[in-house]
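Engineer: This is the structure, below, for whatever I ask next.
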Amino acid sequence: MAELASSGEEADTMNFDRITVEPGRLEGKPTIRGLRMSVETLVRLVAGGWSFDEILSDYPDLELEDIRQALEYAAASTNVHFYSLREPA
């Protein structure tokens, strides 16, 4: 199961029970439930305009909650804070 620390004062941990990371599977990329479907691929399908129904039809091993959790995982993994080192010009 994958975990990401959320940004916040308490740095809570977000659990993603459908996201798995295995060193020997897909080069260690986060995958959906140990399937040969990476979170990256699923997010790219959504970004490419595929509907959830189209994805579920073409990939029958996936479930709606897999798509939702992949999107949540991707959003959480990009939750990075940037701090300005000097005033903008």
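The chains in the structure tokens are called A, B, ... from first to last as shown; in each chain the residues are counted from 1, and the ligands are counted from 1 in the order shown.
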May I have the residues within 9 Å of Lys29 (chain A) as a list in words, using only C-alpha atoms and disregarding those fewer than 6 positions away in the same chain?
Structural biologist: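 Residues near the query, excluding close chain neighbours: Thr20, Val21, Glu22, Pro23, Ser38, Val39 and Glu40 of chain A.
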Engineer: Contacts of Arg33 (chain A) at 12 Å or less, counting only C-alpha atoms, minus same-chain residues fewer than 5 places along, as a list in words?
Structural biologist: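 So, after excluding close chain neighbours, the residues are Met1, Ala2, Phe16, Asp17, Arg18, Ile19, Thr20, Val21, Glu22, Arg25, Ser38, Val39, Asp61, Leu62, Glu63, Glu65, Asp66, Ile67, Gln69 and Ala70 of chain A.
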Engineer: I need the chosen residues saved as a PDB file, in the first residue's frame, with N, CA, C and O atoms.
Structural biologist:
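Once written, selection.pdb looks like this:
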```pdb
ATOM      1  N   MET A   1       0.848  -1.167   0.000  1.00  0.00           N
ATOM      2  CA  MET A   1       0.000   0.000   0.000  1.00  0.00           C
ATOM      3  C   MET A   1       0.896   1.232   0.000  1.00  0.00           C
ATOM      4  O   MET A   1       1.884   1.302   0.697  1.00  0.00           O
ATOM      5  N   ALA A   2       0.546   2.239  -0.775  1.00  0.00           N
ATOM      6  CA  ALA A   2       1.327   3.457  -0.860  1.00  0.00           C
ATOM      7  C   ALA A   2       0.801   4.496   0.114  1.00  0.00           C
ATOM      8  O   ALA A   2      -0.382   4.545   0.398  1.00  0.00           O
ATOM      9  N   PHE A  16      -3.488   5.097   0.429  1.00  0.00           N
ATOM     10  CA  PHE A  16      -4.024   4.733  -0.877  1.00  0.00           C
ATOM     11  C   PHE A  16      -3.997   3.208  -0.958  1.00  0.00           C
ATOM     12  O   PHE A  16      -2.989   2.620  -1.335  1.00  0.00           O
ATOM     13  N   ASP A  17      -5.093   2.583  -0.594  1.00  0.00           N
ATOM     14  CA  ASP A  17      -5.120   1.127  -0.511  1.00  0.00           C
ATOM     15  C   ASP A  17      -5.175   0.426  -1.857  1.00  0.00           C
ATOM     16  O   ASP A  17      -4.996  -0.775  -1.936  1.00  0.00           O
ATOM     17  N   ARG A  18      -5.391   1.162  -2.929  1.00  0.00           N
ATOM     18  CA  ARG A  18      -5.427   0.563  -4.263  1.00  0.00           C
ATOM     19  C   ARG A  18      -4.138   0.818  -5.043  1.00  0.00           C
ATOM     20  O   ARG A  18      -3.979   0.323  -6.157  1.00  0.00           O
ATOM     21  N   ILE A  19      -3.239   1.584  -4.476  1.00  0.00           N
ATOM     22  CA  ILE A  19      -1.977   1.904  -5.140  1.00  0.00           C
ATOM     23  C   ILE A  19      -0.886   1.038  -4.522  1.00  0.00           C
ATOM     24  O   ILE A  19      -0.718   1.013  -3.310  1.00  0.00           O
ATOM     25  N   THR A  20      -0.165   0.316  -5.365  1.00  0.00           N
ATOM     26  CA  THR A  20       0.917  -0.538  -4.888  1.00  0.00           C
ATOM     27  C   THR A  20       2.217  -0.174  -5.593  1.00  0.00           C
ATOM     28  O   THR A  20       2.204   0.292  -6.742  1.00  0.00           O
ATOM     29  N   VAL A  21       3.298  -0.363  -4.883  1.00  0.00           N
ATOM     30  CA  VAL A  21       4.626  -0.121  -5.451  1.00  0.00           C
ATOM     31  C   VAL A  21       5.457  -1.364  -5.164  1.00  0.00           C
ATOM     32  O   VAL A  21       5.657  -1.734  -4.014  1.00  0.00           O
ATOM     33  N   GLU A  22       5.909  -2.006  -6.230  1.00  0.00           N
ATOM     34  CA  GLU A  22       6.736  -3.201  -6.125  1.00  0.00           C
ATOM     35  C   GLU A  22       7.976  -2.991  -6.993  1.00  0.00           C
ATOM     36  O   GLU A  22       7.840  -2.711  -8.184  1.00  0.00           O
ATOM     37  N   ARG A  25       8.047  -4.651 -10.485  1.00  0.00           N
ATOM     38  CA  ARG A  25       6.892  -4.488 -11.382  1.00  0.00           C
ATOM     39  C   ARG A  25       6.893  -3.073 -11.960  1.00  0.00           C
ATOM     40  O   ARG A  25       6.902  -2.098 -11.238  1.00  0.00           O
ATOM     41  N   SER A  38       0.010   1.280 -14.603  1.00  0.00           N
ATOM     42  CA  SER A  38       0.611   2.282 -13.731  1.00  0.00           C
ATOM     43  C   SER A  38      -0.364   3.432 -13.497  1.00  0.00           C
ATOM     44  O   SER A  38      -1.256   3.704 -14.312  1.00  0.00           O
ATOM     45  N   VAL A  39      -0.167   4.090 -12.376  1.00  0.00           N
ATOM     46  CA  VAL A  39      -0.948   5.292 -12.079  1.00  0.00           C
ATOM     47  C   VAL A  39      -0.718   6.308 -13.197  1.00  0.00           C
ATOM     48  O   VAL A  39      -1.651   6.957 -13.674  1.00  0.00           O
ATOM     49  N   ASP A  61     -10.288  -5.089 -15.943  1.00  0.00           N
ATOM     50  CA  ASP A  61      -9.794  -5.401 -14.600  1.00  0.00           C
ATOM     51  C   ASP A  61      -9.851  -4.189 -13.667  1.00  0.00           C
ATOM     52  O   ASP A  61      -9.719  -4.336 -12.452  1.00  0.00           O
ATOM     53  N   LEU A  62     -10.015  -3.010 -14.245  1.00  0.00           N
ATOM     54  CA  LEU A  62     -10.079  -1.796 -13.432  1.00  0.00           C
ATOM     55  C   LEU A  62     -11.483  -1.569 -12.897  1.00  0.00           C
ATOM     56  O   LEU A  62     -12.472  -2.003 -13.487  1.00  0.00           O
ATOM     57  N   GLU A  63     -11.546  -0.830 -11.797  1.00  0.00           N
ATOM     58  CA  GLU A  63     -12.805  -0.442 -11.185  1.00  0.00           C
ATOM     59  C   GLU A  63     -12.832   1.080 -11.069  1.00  0.00           C
ATOM     60  O   GLU A  63     -11.781   1.727 -11.050  1.00  0.00           O
ATOM     61  N   GLU A  65     -13.295   3.027  -8.611  1.00  0.00           N
ATOM     62  CA  GLU A  65     -12.511   3.536  -7.480  1.00  0.00           C
ATOM     63  C   GLU A  65     -11.014   3.537  -7.791  1.00  0.00           C
ATOM     64  O   GLU A  65     -10.273   4.366  -7.262  1.00  0.00           O
ATOM     65  N   ASP A  66     -10.550   2.651  -8.674  1.00  0.00           N
ATOM     66  CA  ASP A  66      -9.142   2.663  -9.088  1.00  0.00           C
ATOM     67  C   ASP A  66      -8.808   3.980  -9.777  1.00  0.00           C
ATOM     68  O   ASP A  66      -7.756   4.568  -9.523  1.00  0.00           O
ATOM     69  N   ILE A  67      -9.688   4.414 -10.656  1.00  0.00           N
ATOM     70  CA  ILE A  67      -9.453   5.666 -11.395  1.00  0.00           C
ATOM     71  C   ILE A  67      -9.449   6.835 -10.425  1.00  0.00           C
ATOM     72  O   ILE A  67      -8.560   7.696 -10.460  1.00  0.00           O
ATOM     73  N   GLN A  69      -8.848   6.891  -7.216  1.00  0.00           N
ATOM     74  CA  GLN A  69      -7.707   6.886  -6.317  1.00  0.00           C
ATOM     75  C   GLN A  69      -6.414   7.227  -7.061  1.00  0.00           C
ATOM     76  O   GLN A  69      -5.537   7.885  -6.504  1.00  0.00           O
ATOM     77  N   ALA A  70      -6.298   6.813  -8.312  1.00  0.00           N
ATOM     78  CA  ALA A  70      -5.118   7.172  -9.103  1.00  0.00           C
ATOM     79  C   ALA A  70      -5.028   8.683  -9.278  1.00  0.00           C
ATOM     80  O   ALA A  70      -3.944   9.265  -9.163  1.00  0.00           O
TER      81      ALA A  70
END
```
Engineer: For Val43 (chain A), which residue out of A:Ala75, A:Asn15, A:Glu27, A:Leu64 is the nearest one, using only C-alpha atoms?
Structural biologist: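 Looking only at the distances to Val43 (chain A), the closest residue turns out to be A:Ala75.
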Engineer: Apply DSSP to the structure's backbone, then extract all residues of region 16-61 of chain A labelled alpha helix (DSSP H) and return them as number ranges by chain.
Structural biologist: A: 39-47, 52-58
Engineer: Dump N, CA, C and O atoms for the selected residues as a PDB file, in the first residue's frame?
Structural biologist:
```
ATOM      1  N   VAL A  39      -0.167   4.090 -12.376  1.00  0.00           N
ATOM      2  CA  VAL A  39      -0.948   5.292 -12.079  1.00  0.00           C
ATOM      3  C   VAL A  39      -0.718   6.308 -13.197  1.00  0.00           C
ATOM      4  O   VAL A  39      -1.651   6.957 -13.674  1.00  0.00           O
ATOM      5  N   GLU A  40       0.515   6.415 -13.644  1.00  0.00           N
ATOM      6  CA  GLU A  40       0.860   7.356 -14.710  1.00  0.00           C
ATOM      7  C   GLU A  40       0.030   7.099 -15.969  1.00  0.00           C
ATOM      8  O   GLU A  40      -0.539   8.027 -16.555  1.00  0.00           O
ATOM      9  N   THR A  41      -0.050   5.847 -16.388  1.00  0.00           N
ATOM     10  CA  THR A  41      -0.815   5.513 -17.589  1.00  0.00           C
ATOM     11  C   THR A  41      -2.277   5.883 -17.425  1.00  0.00           C
ATOM     12  O   THR A  41      -2.886   6.479 -18.324  1.00  0.00           O
ATOM     13  N   LEU A  42      -2.833   5.573 -16.292  1.00  0.00           N
ATOM     14  CA  LEU A  42      -4.238   5.862 -16.039  1.00  0.00           C
ATOM     15  C   LEU A  42      -4.496   7.367 -16.039  1.00  0.00           C
ATOM     16  O   LEU A  42      -5.465   7.845 -16.645  1.00  0.00           O
ATOM     17  N   VAL A  43      -3.619   8.127 -15.409  1.00  0.00           N
ATOM     18  CA  VAL A  43      -3.774   9.585 -15.388  1.00  0.00           C
ATOM     19  C   VAL A  43      -3.630  10.152 -16.796  1.00  0.00           C
ATOM     20  O   VAL A  43      -4.365  11.062 -17.195  1.00  0.00           O
ATOM     21  N   ARG A  44      -2.709   9.594 -17.575  1.00  0.00           N
ATOM     22  CA  ARG A  44      -2.539  10.075 -18.953  1.00  0.00           C
ATOM     23  C   ARG A  44      -3.779   9.787 -19.816  1.00  0.00           C
ATOM     24  O   ARG A  44      -4.127  10.573 -20.694  1.00  0.00           O
ATOM     25  N   LEU A  45      -4.431   8.660 -19.579  1.00  0.00           N
ATOM     26  CA  LEU A  45      -5.669   8.369 -20.304  1.00  0.00           C
ATOM     27  C   LEU A  45      -6.733   9.415 -19.998  1.00  0.00           C
ATOM     28  O   LEU A  45      -7.395   9.939 -20.907  1.00  0.00           O
ATOM     29  N   VAL A  46      -6.881   9.743 -18.725  1.00  0.00           N
ATOM     30  CA  VAL A  46      -7.862  10.765 -18.332  1.00  0.00           C
ATOM     31  C   VAL A  46      -7.472  12.113 -18.940  1.00  0.00           C
ATOM     32  O   VAL A  46      -8.314  12.821 -19.503  1.00  0.00           O
ATOM     33  N   ALA A  47      -6.195  12.461 -18.852  1.00  0.00           N
ATOM     34  CA  ALA A  47      -5.720  13.729 -19.414  1.00  0.00           C
ATOM     35  C   ALA A  47      -5.905  13.774 -20.928  1.00  0.00           C
ATOM     36  O   ALA A  47      -6.112  14.844 -21.507  1.00  0.00           O
ATOM     37  N   PHE A  52     -14.253   7.951 -17.998  1.00  0.00           N
ATOM     38  CA  PHE A  52     -14.119   6.834 -17.073  1.00  0.00           C
ATOM     39  C   PHE A  52     -14.748   5.584 -17.677  1.00  0.00           C
ATOM     40  O   PHE A  52     -14.201   4.490 -17.574  1.00  0.00           O
ATOM     41  N   ASP A  53     -15.891   5.745 -18.328  1.00  0.00           N
ATOM     42  CA  ASP A  53     -16.572   4.599 -18.943  1.00  0.00           C
ATOM     43  C   ASP A  53     -15.717   3.964 -20.038  1.00  0.00           C
ATOM     44  O   ASP A  53     -15.667   2.735 -20.159  1.00  0.00           O
ATOM     45  N   GLU A  54     -15.045   4.778 -20.842  1.00  0.00           N
ATOM     46  CA  GLU A  54     -14.172   4.241 -21.893  1.00  0.00           C
ATOM     47  C   GLU A  54     -13.009   3.453 -21.292  1.00  0.00           C
ATOM     48  O   GLU A  54     -12.658   2.377 -21.782  1.00  0.00           O
ATOM     49  N   ILE A  55     -12.427   3.991 -20.239  1.00  0.00           N
ATOM     50  CA  ILE A  55     -11.305   3.305 -19.583  1.00  0.00           C
ATOM     51  C   ILE A  55     -11.771   1.972 -19.020  1.00  0.00           C
ATOM     52  O   ILE A  55     -11.134   0.933 -19.228  1.00  0.00           O
ATOM     53  N   LEU A  56     -12.896   1.991 -18.308  1.00  0.00           N
ATOM     54  CA  LEU A  56     -13.407   0.760 -17.697  1.00  0.00           C
ATOM     55  C   LEU A  56     -13.796  -0.264 -18.754  1.00  0.00           C
ATOM     56  O   LEU A  56     -13.646  -1.468 -18.538  1.00  0.00           O
ATOM     57  N   SER A  57     -14.261   0.187 -19.906  1.00  0.00           N
ATOM     58  CA  SER A  57     -14.628  -0.725 -20.985  1.00  0.00           C
ATOM     59  C   SER A  57     -13.385  -1.367 -21.613  1.00  0.00           C
ATOM     60  O   SER A  57     -13.368  -2.563 -21.890  1.00  0.00           O
ATOM     61  N   ASP A  58     -12.340  -0.565 -21.818  1.00  0.00           N
ATOM     62  CA  ASP A  58     -11.117  -1.074 -22.454  1.00  0.00           C
ATOM     63  C   ASP A  58     -10.221  -1.845 -21.492  1.00  0.00           C
ATOM     64  O   ASP A  58      -9.382  -2.642 -21.924  1.00  0.00           O
TER      65      ASP A  58
END
```
Engineer: Any chance you could list, as a VMD selection string, the residues in region 6-77 of chain A that come up strand (DSSP E or B) when DSSP is run on the backbone?
Structural biologist: chain A and resid 13 to 16 19 to 20 31 to 32 38
Engineer: Print the selection's residues with N, CA, C and O atoms to a file, as an mmCIF file, in the first residue's frame.
Structural biologist:
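result.cif written:
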```cif
data_model
loop_
_atom_site.group_PDB
_atom_site.id
_atom_site.type_symbol
_atom_site.label_atom_id
_atom_site.label_comp_id
_atom_site.auth_asym_id
_atom_site.auth_seq_id
_atom_site.Cartn_x
_atom_site.Cartn_y
_atom_site.Cartn_z
ATOM 1 N N THR A 13 -0.995 11.522 7.130
ATOM 2 C CA THR A 13 -0.639 10.565 6.104
ATOM 3 C C THR A 13 -1.898 10.150 5.368
ATOM 4 O O THR A 13 -2.904 9.839 5.984
ATOM 5 N N MET A 14 -1.822 10.177 4.046
ATOM 6 C CA MET A 14 -2.939 9.756 3.216
ATOM 7 C C MET A 14 -2.669 8.324 2.792
ATOM 8 O O MET A 14 -1.592 8.008 2.306
ATOM 9 N N ASN A 15 -3.620 7.442 2.993
ATOM 10 C CA ASN A 15 -3.464 6.042 2.606
ATOM 11 C C ASN A 15 -4.156 5.794 1.272
ATOM 12 O O ASN A 15 -5.275 6.240 1.062
ATOM 13 N N PHE A 16 -3.488 5.097 0.429
ATOM 14 C CA PHE A 16 -4.024 4.733 -0.877
ATOM 15 C C PHE A 16 -3.997 3.208 -0.958
ATOM 16 O O PHE A 16 -2.989 2.620 -1.335
ATOM 17 N N ILE A 19 -3.239 1.584 -4.476
ATOM 18 C CA ILE A 19 -1.977 1.904 -5.140
ATOM 19 C C ILE A 19 -0.886 1.038 -4.522
ATOM 20 O O ILE A 19 -0.718 1.013 -3.310
ATOM 21 N N THR A 20 -0.165 0.316 -5.365
ATOM 22 C CA THR A 20 0.917 -0.538 -4.888
ATOM 23 C C THR A 20 2.217 -0.174 -5.593
ATOM 24 O O THR A 20 2.204 0.292 -6.742
ATOM 25 N N THR A 31 1.444 1.357 -9.173
ATOM 26 C CA THR A 31 0.479 0.678 -10.027
ATOM 27 C C THR A 31 -0.863 0.548 -9.313
ATOM 28 O O THR A 31 -0.971 0.800 -8.119
ATOM 29 N N ILE A 32 -1.853 0.134 -10.061
ATOM 30 C CA ILE A 32 -3.188 -0.082 -9.519
ATOM 31 C C ILE A 32 -3.310 -1.525 -9.058
ATOM 32 O O ILE A 32 -3.228 -2.451 -9.872
ATOM 33 N N SER A 38 0.010 1.280 -14.603
ATOM 34 C CA SER A 38 0.611 2.282 -13.731
ATOM 35 C C SER A 38 -0.364 3.432 -13.497
ATOM 36 O O SER A 38 -1.256 3.704 -14.312
#
```
Engineer: What is the distance between CA of Leu26 (chain A) and CA of Ala74 (chain A), in Å to one decimal?
Structural biologist: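 If I compute the distance from CA of Leu26 (chain A) to CA of Ala74 (chain A), I get 16.8 Å.
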